[in-house]
$ cat my_file_32.pdb   # PDB, C-alpha atoms and all ligand atoms
ATOM      1  CA  MET A   1       7.407 -20.003 -42.181
ATOM      2  CA  LYS A   2       4.881 -17.204 -42.357
ATOM      3  CA  LEU A   3       3.006 -18.653 -39.432
ATOM      4  CA  PHE A   4       6.237 -18.903 -37.474
ATOM      5  CA  LEU A   5       6.982 -15.244 -38.090
ATOM      6  CA  VAL A   6       3.547 -14.181 -36.975
ATOM      7  CA  LEU A   7       3.920 -16.246 -33.825
ATOM      8  CA  ALA A   8       7.358 -14.828 -33.098
ATOM      9  CA  LEU A   9       6.083 -11.287 -33.534
ATOM     10  CA  ALA A  10       3.113 -11.930 -31.299
ATOM     11  CA  LEU A  11       5.435 -13.315 -28.639
ATOM     12  CA  LEU A  12       7.725 -10.294 -28.889
ATOM     13  CA  GLY A  13       4.742  -8.017 -28.528
ATOM     14  CA  ALA A  14       3.621  -9.860 -25.423
ATOM     15  CA  VAL A  15       7.078  -9.648 -23.874
ATOM     16  CA  SER A  16       7.501  -5.943 -24.430
ATOM     17  CA  ALA A  17       3.984  -5.257 -23.167
ATOM     18  CA  HIS A  18       4.917  -7.198 -20.053
ATOM     19  CA  GLN A  19       8.124  -5.189 -19.606
ATOM     20  CA  LEU A  20       6.267  -1.935 -20.008
ATOM     21  CA  HIS A  21       3.844  -3.090 -17.377
ATOM     22  CA  GLU A  22       6.670  -4.008 -14.992
ATOM     23  CA  GLY A  23       8.430  -0.706 -15.533
ATOM     24  CA  SER A  24       5.609   1.520 -14.465
ATOM     25  CA  PRO A  25       4.955   1.700 -10.722
ATOM     26  CA  GLU A  26       1.449   3.068 -11.088
ATOM     27  CA  GLN A  27       0.517   0.129 -13.297
ATOM     28  CA  GLU A  28       1.701  -2.405 -10.767
ATOM     29  CA  VAL A  29      -0.796  -1.588  -8.069
ATOM     30  CA  PRO A  30      -3.908  -3.710  -8.612
ATOM     31  CA  ALA A  31      -6.086  -2.255 -11.337
ATOM     32  CA  GLU A  32      -9.049  -2.151  -9.035
ATOM     33  CA  GLN A  33      -7.027  -0.086  -6.562
ATOM     34  CA  GLY A  34      -9.944   2.195  -5.919
ATOM     35  CA  GLU A  35     -10.443   4.524  -8.809
ATOM     36  CA  GLU A  36     -12.096   7.597  -7.496
ATOM     37  CA  GLU A  37     -15.385   8.152  -9.192
ATOM     38  CA  PRO A  38     -15.007  10.499 -12.132
ATOM     39  CA  GLY A  39     -15.661  14.012 -11.011
ATOM     40  CA  GLU A  40     -14.959  13.220  -7.372
ATOM     41  CA  PRO A  41     -13.262  16.350  -6.019
ATOM     42  CA  GLU A  42      -9.695  16.107  -4.751
ATOM     43  CA  SER A  43      -9.662  15.393  -1.057
ATOM     44  CA  PRO A  44      -8.546  18.562   0.774
ATOM     45  CA  CYS A  45      -5.397  18.323   2.886
ATOM     46  CA  PRO A  46      -6.033  16.983   6.389
ATOM     47  CA  THR A  47      -6.503  19.483   9.196
ATOM     48  CA  ASP A  48      -4.544  19.209  12.448
ATOM     49  CA  SER A  49      -7.525  17.639  14.152
ATOM     50  CA  GLU A  50      -7.758  14.748  11.703
ATOM     51  CA  SER A  51      -4.062  13.988  11.448
ATOM     52  CA  PHE A  52      -1.387  12.958  13.895
ATOM     53  CA  ARG A  53       2.351  12.939  13.239
ATOM     54  CA  VAL A  54       4.676  10.282  14.616
ATOM     55  CA  ILE A  55       8.451  10.160  14.463
ATOM     56  CA  VAL A  56       9.945   6.711  14.817
ATOM     57  CA  PRO A  57      13.681   6.388  15.465
ATOM     58  CA  GLY A  58      15.106   4.123  12.771
ATOM     59  CA  GLN A  59      18.307   2.172  12.392
ATOM     60  CA  GLU A  60      21.659   3.943  12.106
ATOM     61  CA  GLY A  61      20.339   7.285  13.294
ATOM     62  CA  HIS A  62      17.710   7.599  10.564
ATOM     63  CA  THR A  63      14.301   8.748  11.627
ATOM     64  CA  CYS A  64      11.098   7.823   9.889
ATOM     65  CA  ARG A  65       8.303  10.337   9.803
ATOM     66  CA  TYR A  66       4.730   9.128   9.615
ATOM     67  CA  VAL A  67       1.366  10.794   9.757
ATOM     68  CA  PHE A  68      -1.884   9.061  10.584
ATOM     69  CA  VAL A  69      -4.823  10.574   8.746
ATOM     70  CA  ASN A  70      -8.220   9.892  10.236
ATOM     71  CA  ARG A  71     -10.237  10.247   7.046
ATOM     72  CA  CYS A  72     -11.729   7.372   5.087
ATOM     73  CA  LEU A  73     -10.396   7.167   1.523
ATOM     74  CA  THR A  74      -9.697   4.436  -1.022
ATOM     75  CA  PHE A  75      -6.113   3.191  -1.326
ATOM     76  CA  ARG A  76      -5.597   5.424  -4.336
ATOM     77  CA  GLY A  77      -7.269   8.441  -2.715
ATOM     78  CA  ALA A  78      -5.054   7.961   0.345
ATOM     79  CA  GLN A  79      -1.933   7.772  -1.847
ATOM     80  CA  HIS A  80      -2.901  11.043  -3.472
ATOM     81  CA  VAL A  81      -3.252  12.793  -0.120
ATOM     82  CA  CYS A  82       0.104  11.382   1.076
ATOM     83  CA  ALA A  83       1.775  12.686  -2.086
ATOM     84  CA  ARG A  84       0.030  16.019  -2.368
ATOM     85  CA  CYS A  85      -0.156  17.081   1.272
ATOM     86  CA  TYR A  86       2.998  15.498   2.742
ATOM     87  CA  ARG A  87       5.129  14.808  -0.341
ATOM     88  CA  GLY A  88       5.165  11.223   0.837
ATOM     89  CA  ARG A  89       3.685   7.827   0.179
ATOM     90  CA  LEU A  90       1.519   5.399   2.060
ATOM     91  CA  ALA A  91       3.723   3.960   4.809
ATOM     92  CA  SER A  92       6.079   1.028   4.427
ATOM     93  CA  ILE A  93       6.896  -0.904   7.586
ATOM     94  CA  HIS A  94      10.166  -2.786   7.970
ATOM     95  CA  ASN A  95      10.233  -3.995  11.545
ATOM     96  CA  TYR A  96       8.166  -5.049  14.528
ATOM     97  CA  ALA A  97       8.986  -1.969  16.617
ATOM     98  CA  THR A  98       7.667   0.414  13.969
ATOM     99  CA  ASN A  99       4.583  -1.723  13.434
ATOM    100  CA  GLN A 100       3.876  -1.613  17.179
ATOM    101  CA  ARG A 101       4.469   2.091  17.425
ATOM    102  CA  LEU A 102       2.128   2.851  14.547
ATOM    103  CA  ARG A 103      -0.514   0.442  15.730
ATOM    104  CA  CYS A 104      -0.630   2.077  19.186
ATOM    105  CA  THR A 105      -0.808   5.552  17.684
ATOM    106  CA  VAL A 106      -3.629   4.549  15.411
ATOM    107  CA  ARG A 107      -5.543   2.593  18.003
ATOM    108  CA  ALA A 108      -5.654   5.625  20.285
ATOM    109  CA  ARG A 109      -7.158   7.735  17.492
ATOM    110  CA  THR A 110      -9.659   5.660  15.595
ATOM    111  CA  ASN A 111     -12.071   2.878  16.335
ATOM    112  CA  ARG A 112     -12.008   1.715  12.723
ATOM    113  CA  ALA A 113     -11.016  -1.927  12.404
ATOM    114  CA  GLN A 114      -8.492  -1.322   9.602
ATOM    115  CA  VAL A 115      -6.241   1.403   8.215
ATOM    116  CA  TRP A 116      -4.277   1.505   4.963
ATOM    117  CA  ILE A 117      -0.550   1.019   4.926
ATOM    118  CA  GLY A 118       1.417   1.156   1.683
ATOM    119  CA  GLY A 119       1.431  -2.518   0.732
ATOM    120  CA  TYR A 120      -0.188  -4.340  -2.159
ATOM    121  CA  THR A 121       0.080  -7.766  -3.724
ATOM    122  CA  SER A 122       0.502  -8.887  -7.303
ATOM    123  CA  GLY A 123       0.250 -12.332  -8.880
ATOM    124  CA  ARG A 124      -1.827 -15.176  -7.536
ATOM    125  CA  HIS A 125      -1.487 -18.415  -5.660
ATOM    126  CA  TRP A 126       2.159 -19.465  -5.461
ATOM    127  CA  CYS A 127       3.219 -16.553  -7.640
ATOM    128  CA  LEU A 128       1.883 -14.015  -5.187
ATOM    129  CA  ARG A 129       4.306 -11.227  -4.331
ATOM    130  CA  ALA A 130       3.932  -8.331  -1.923
ATOM    131  CA  HIS A 131       5.309  -4.841  -2.532
ATOM    132  CA  TRP A 132       5.498  -1.422  -0.920
ATOM    133  CA  VAL A 133       4.389   1.594  -2.908
ATOM    134  CA  ASP A 134       7.708   3.304  -2.096
ATOM    135  CA  ARG A 135       9.465   0.286  -3.693
ATOM    136  CA  SER A 136      11.483  -0.428  -0.554
ATOM    137  CA  PRO A 137      12.262  -4.106   0.102
ATOM    138  CA  TRP A 138       9.515  -6.329   1.473
ATOM    139  CA  ASN A 139      11.640  -7.612   4.337
ATOM    140  CA  TYR A 140       9.137  -7.718   7.201
ATOM    141  CA  SER A 141       5.485  -8.686   7.327
ATOM    142  CA  ASN A 142       2.876  -9.288   9.975
ATOM    143  CA  TRP A 143       0.048 -11.043   8.124
ATOM    144  CA  ALA A 144      -3.021 -12.117  10.027
ATOM    145  CA  ARG A 145      -3.827 -15.815   9.806
ATOM    146  CA  GLY A 146      -5.268 -16.712   6.403
ATOM    147  CA  ASN A 147      -3.664 -13.665   4.755
ATOM    148  CA  PRO A 148      -2.553 -12.551   2.268
ATOM    149  CA  CYS A 149      -5.403 -13.431  -0.046
ATOM    150  CA  ARG A 150      -3.944 -15.503  -2.887
ATOM    151  CA  THR A 151      -6.820 -15.474  -5.336
ATOM    152  CA  ARG A 152      -6.469 -11.905  -6.557
ATOM    153  CA  PRO A 153      -4.183  -8.862  -6.169
ATOM    154  CA  MET A 154      -5.247  -6.659  -3.259
ATOM    155  CA  CYS A 155      -4.064  -3.836  -1.038
ATOM    156  CA  VAL A 156      -2.803  -4.198   2.527
ATOM    157  CA  ALA A 157      -4.454  -2.831   5.659
ATOM    158  CA  MET A 158      -3.320  -2.975   9.274
ATOM    159  CA  CYS A 159      -5.730  -3.856  12.080
ATOM    160  CA  PRO A 160      -4.973  -1.461  14.954
ATOM    161  CA  ALA A 161      -6.358  -3.939  17.490
ATOM    162  CA  GLY A 162      -3.593  -6.497  17.044
ATOM    163  CA  GLY A 163      -1.258  -4.938  14.511
ATOM    164  CA  GLN A 164      -1.811  -7.714  11.969
ATOM    165  CA  TRP A 165      -2.102  -7.088   8.253
ATOM    166  CA  ARG A 166      -4.892  -8.172   5.946
ATOM    167  CA  SER A 167      -5.633  -8.210   2.220
ATOM    168  CA  VAL A 168      -8.436  -5.767   1.479
ATOM    169  CA  ARG A 169     -10.088  -4.719  -1.787
ATOM    170  CA  CYS A 170      -8.357  -1.498  -2.768
ATOM    171  CA  TRP A 171     -11.543   0.473  -3.224
ATOM    172  CA  ALA A 172     -12.499   0.114   0.438
ATOM    173  CA  ARG A 173     -12.412   3.399   2.340
ATOM    174  CA  MET A 174     -10.538   3.707   5.604
ATOM    175  CA  PRO A 175      -8.113   5.975   7.485
ATOM    176  CA  PHE A 176      -4.461   5.643   6.473
ATOM    177  CA  ILE A 177      -0.816   6.146   7.424
ATOM    178  CA  CYS A 178       1.519   8.188   5.235
ATOM    179  CA  GLN A 179       5.283   8.278   5.434
ATOM    180  CA  TYR A 180       7.182  11.383   4.395
TER     181      TYR A 180
HETATM  182  C1  LIG A 201      14.539  -3.654   5.301
HETATM  183  O1  LIG A 201      14.498  -2.602   4.371
HETATM  184  C2  LIG A 201      14.613  -1.314   4.957
HETATM  185  C3  LIG A 201      14.406  -0.286   3.859
HETATM  186  O2  LIG A 201      15.346  -0.388   2.845
HETATM  187  C4  LIG A 201      15.961  -1.192   5.633
HETATM  188  O3  LIG A 201      16.085   0.082   6.224
HETATM  189  C5  LIG A 201      16.082  -2.282   6.692
HETATM  190  O4  LIG A 201      17.344  -2.247   7.284
HETATM  191  C6  LIG A 201      15.824  -3.654   6.102
HETATM  192  N1  LIG A 201      15.758  -4.619   7.168
HETATM  193  C7  LIG A 201      16.347  -5.800   7.103
HETATM  194  C8  LIG A 201      16.140  -6.688   8.272
HETATM  195  O5  LIG A 201      17.012  -6.148   6.143
END

$ encode --input "my_file_32.pdb" --output "structure tokens"
Amino acid sequence: MKLFLVLALALLGAVSAHQLHEGSPEQEVPAEQGEEEPGEPESPCPTDSESFRVIVPGQEGHTCRYVFVNRCLTFRGAQHVCARCYRGRLASIHNYATNQRLRCTVRARTNRAQVWIGGYTSGRHWCLRAHWVDRSPWNYSNWARGNPCRTRPMCVAMCPAGGQWRSVRCWARMPFICQY
């Protein structure tokens, strides 16, 4: 009986820890999402020469505002700049037209092979799920062949050359697209 109680309590503890984890958006992004080194100064806000704004007409008269920032940061560093300088998030992409528009904008402004967008994966293998940092629905994707990586949670980058998306370790540094 005592053993049963201990087991039940342990199980309860595990469940509530899991719920806590689920409830906190910051916790969901892969743990290795690119912690900035301690003491690394906050990235200053992008100047006009290293950023480019794009307005994409959306459905039902909505417009989506994006800004491409040509500065190499980790996924987390990029998120901070999107939040602090544009009051936004890394970009979520919900259709082919927007993906194309952003890819062309980016390709004209960087020769880097990849740029961050606001996606990340959780779970592994057949339990893998993809999410946007703005928590909008994952209802469009453009994965490159062999992606997403199913062996560990990762962040999502777009390749401006073809517009495809790849799983990349979150601490990699690359330019990025914010949405605001
Ligand atoms: C996908 O989600 C976005 C954001 O909520 C929404 O605007 C869009 O209409 C959705 N697209 C489809 C095909 O459901």

$ closest_residue --input "my_file_32.pdb" --among "A:Pro46, A:Gly61, A:Gly163, A:Pro148" --to "ligand LIG 201 (chain A)" --atoms "all atoms listed in the file"
A:Gly61

$ closest_atom_pairs --input "my_file_32.pdb" --of "chain A" --to "ligand LIG 201 (chain A)" --cutoff "8 Å" --atoms "all atoms listed in the file" --output "tab-separated table"
residue	atom	partner	partner_atom	distance
A:Gly58	CA	A:LIG201	O3	7.8
A:Gln59	CA	A:LIG201	O4	6.8
A:His94	CA	A:LIG201	C1	5.2
A:Asn95	CA	A:LIG201	N1	7.1
A:Ser136	CA	A:LIG201	O2	5.1
A:Pro137	CA	A:LIG201	O1	5.0
A:Trp138	CA	A:LIG201	C1	6.9
A:Asn139	CA	A:LIG201	C1	5.0
A:Tyr140	CA	A:LIG201	C1	7.0

$ closest_residue --input "my_file_32.pdb" --among "A:Ser167, A:Asn111, A:Asn70, A:Asn142" --to "Ile93 in chain A" --atoms "only C-alpha atoms"
A:Asn142

$ atom_distance --input "my_file_32.pdb" --atom1 "CA of Leu128 in chain A" --atom2 "CA of Cys104 in chain A"
29.3 Å

$ resolve_selection --input "my_file_32.pdb" --expression "the PyMOL selection byres (((chain A and resi 153) around 6) and not hetatm)" --output "number ranges by chain"
A: 30, 121-122, 152, 154

$ resolve_selection --input "my_file_32.pdb" --expression "the PyMOL selection byres (((chain A and resi 132) around 10) and not hetatm)" --output "PDB file with C-alpha atoms, in the coordinates of the input"
ATOM      1  CA  VAL A  29      -0.796  -1.588  -8.069  1.00  0.00           C
ATOM      2  CA  ARG A  89       3.685   7.827   0.179  1.00  0.00           C
ATOM      3  CA  LEU A  90       1.519   5.399   2.060  1.00  0.00           C
ATOM      4  CA  ALA A  91       3.723   3.960   4.809  1.00  0.00           C
ATOM      5  CA  SER A  92       6.079   1.028   4.427  1.00  0.00           C
ATOM      6  CA  ILE A  93       6.896  -0.904   7.586  1.00  0.00           C
ATOM      7  CA  ILE A 117      -0.550   1.019   4.926  1.00  0.00           C
ATOM      8  CA  GLY A 118       1.417   1.156   1.683  1.00  0.00           C
ATOM      9  CA  GLY A 119       1.431  -2.518   0.732  1.00  0.00           C
ATOM     10  CA  TYR A 120      -0.188  -4.340  -2.159  1.00  0.00           C
ATOM     11  CA  THR A 121       0.080  -7.766  -3.724  1.00  0.00           C
ATOM     12  CA  ALA A 130       3.932  -8.331  -1.923  1.00  0.00           C
ATOM     13  CA  HIS A 131       5.309  -4.841  -2.532  1.00  0.00           C
ATOM     14  CA  VAL A 133       4.389   1.594  -2.908  1.00  0.00           C
ATOM     15  CA  ASP A 134       7.708   3.304  -2.096  1.00  0.00           C
ATOM     16  CA  ARG A 135       9.465   0.286  -3.693  1.00  0.00           C
ATOM     17  CA  SER A 136      11.483  -0.428  -0.554  1.00  0.00           C
ATOM     18  CA  PRO A 137      12.262  -4.106   0.102  1.00  0.00           C
ATOM     19  CA  TRP A 138       9.515  -6.329   1.473  1.00  0.00           C
ATOM     20  CA  CYS A 155      -4.064  -3.836  -1.038  1.00  0.00           C
ATOM     21  CA  VAL A 156      -2.803  -4.198   2.527  1.00  0.00           C
TER      22      VAL A 156
END

$ decode --input "my_file_32.pdb" --residues "range 69-82 of chain A" --atoms "all heavy atoms" --output "short mmCIF file (atom, residue, chain, number, x, y, z; two decimals), in the first residue's frame"
data_model
loop_
_atom_site.label_atom_id
_atom_site.label_comp_id
_atom_site.auth_asym_id
_atom_site.auth_seq_id
_atom_site.Cartn_x
_atom_site.Cartn_y
_atom_site.Cartn_z
N VAL A 69 16.34 40.77 -41.43
CA VAL A 69 17.48 41.38 -40.75
C VAL A 69 18.75 40.63 -41.14
O VAL A 69 18.89 39.44 -40.88
CB VAL A 69 17.30 41.35 -39.21
CG1 VAL A 69 18.52 41.97 -38.53
CG2 VAL A 69 16.04 42.10 -38.81
N ASN A 70 19.63 41.36 -41.79
CA ASN A 70 20.85 40.75 -42.31
C ASN A 70 21.97 40.82 -41.27
O ASN A 70 22.97 41.50 -41.46
CB ASN A 70 21.25 41.46 -43.60
CG ASN A 70 22.20 40.62 -44.42
OD1 ASN A 70 22.57 39.51 -44.01
ND2 ASN A 70 22.59 41.14 -45.56
N ARG A 71 21.74 40.12 -40.16
CA ARG A 71 22.75 40.03 -39.11
C ARG A 71 22.70 38.61 -38.57
O ARG A 71 21.60 38.08 -38.36
CB ARG A 71 22.43 41.02 -37.99
CG ARG A 71 23.48 40.95 -36.88
CD ARG A 71 23.05 41.72 -35.66
NE ARG A 71 22.80 43.13 -35.95
CZ ARG A 71 22.16 43.94 -35.12
NH1 ARG A 71 21.68 43.49 -33.98
NH2 ARG A 71 21.98 45.20 -35.43
N CYS A 72 23.85 38.01 -38.35
CA CYS A 72 23.86 36.60 -37.96
C CYS A 72 23.73 36.44 -36.45
O CYS A 72 24.63 36.82 -35.70
CB CYS A 72 25.12 35.92 -38.48
SG CYS A 72 25.13 35.86 -40.27
N LEU A 73 22.60 35.87 -36.02
CA LEU A 73 22.35 35.61 -34.60
C LEU A 73 21.84 34.19 -34.44
O LEU A 73 21.39 33.57 -35.40
CB LEU A 73 21.30 36.59 -34.06
CG LEU A 73 21.68 38.08 -34.02
CD1 LEU A 73 20.50 38.90 -33.51
CD2 LEU A 73 22.90 38.31 -33.14
N THR A 74 21.90 33.69 -33.19
CA THR A 74 21.27 32.40 -32.89
C THR A 74 19.75 32.58 -32.97
O THR A 74 19.25 33.71 -33.02
CB THR A 74 21.60 31.96 -31.45
OG1 THR A 74 21.05 32.91 -30.54
CG2 THR A 74 23.11 31.86 -31.21
N PHE A 75 19.04 31.46 -32.94
CA PHE A 75 17.57 31.52 -32.98
C PHE A 75 17.06 32.39 -31.84
O PHE A 75 16.21 33.26 -32.02
CB PHE A 75 17.02 30.09 -32.87
CG PHE A 75 15.55 29.96 -33.11
CD1 PHE A 75 15.05 29.87 -34.40
CD2 PHE A 75 14.66 29.90 -32.05
CE1 PHE A 75 13.69 29.72 -34.63
CE2 PHE A 75 13.29 29.75 -32.27
CZ PHE A 75 12.81 29.66 -33.56
N ARG A 76 17.60 32.16 -30.66
CA ARG A 76 17.15 32.92 -29.50
C ARG A 76 17.53 34.40 -29.60
O ARG A 76 16.71 35.28 -29.31
CB ARG A 76 17.75 32.34 -28.23
CG ARG A 76 17.43 33.17 -27.02
CD ARG A 76 17.95 32.54 -25.78
NE ARG A 76 17.07 31.48 -25.35
CZ ARG A 76 16.91 31.14 -24.07
NH1 ARG A 76 17.58 31.77 -23.14
NH2 ARG A 76 16.08 30.18 -23.74
N GLY A 77 18.75 34.67 -30.06
CA GLY A 77 19.18 36.06 -30.23
C GLY A 77 18.30 36.78 -31.23
O GLY A 77 17.93 37.94 -31.05
N ALA A 78 17.93 36.06 -32.31
CA ALA A 78 17.07 36.64 -33.34
C ALA A 78 15.69 36.94 -32.76
O ALA A 78 15.12 38.01 -33.00
CB ALA A 78 16.95 35.69 -34.53
N GLN A 79 15.17 36.00 -31.96
CA GLN A 79 13.85 36.22 -31.33
C GLN A 79 13.87 37.47 -30.47
O GLN A 79 12.91 38.23 -30.45
CB GLN A 79 13.50 35.05 -30.43
CG GLN A 79 12.90 33.88 -31.12
CD GLN A 79 11.96 33.16 -30.17
OE1 GLN A 79 10.79 33.51 -30.12
NE2 GLN A 79 12.46 32.20 -29.43
N HIS A 80 14.97 37.65 -29.74
CA HIS A 80 15.07 38.83 -28.88
C HIS A 80 15.03 40.11 -29.69
O HIS A 80 14.35 41.07 -29.32
CB HIS A 80 16.36 38.79 -28.05
CG HIS A 80 16.26 37.84 -26.90
ND1 HIS A 80 17.35 37.43 -26.18
CD2 HIS A 80 15.19 37.23 -26.35
CE1 HIS A 80 16.94 36.59 -25.24
NE2 HIS A 80 15.64 36.45 -25.32
N VAL A 81 15.75 40.13 -30.80
CA VAL A 81 15.74 41.35 -31.64
C VAL A 81 14.34 41.58 -32.21
O VAL A 81 13.84 42.71 -32.21
CB VAL A 81 16.81 41.25 -32.75
CG1 VAL A 81 16.60 42.33 -33.80
CG2 VAL A 81 18.20 41.37 -32.14
N CYS A 82 13.68 40.52 -32.67
CA CYS A 82 12.32 40.67 -33.22
C CYS A 82 11.40 41.28 -32.16
O CYS A 82 10.58 42.16 -32.46
CB CYS A 82 11.73 39.33 -33.65
SG CYS A 82 12.56 38.57 -35.06
#
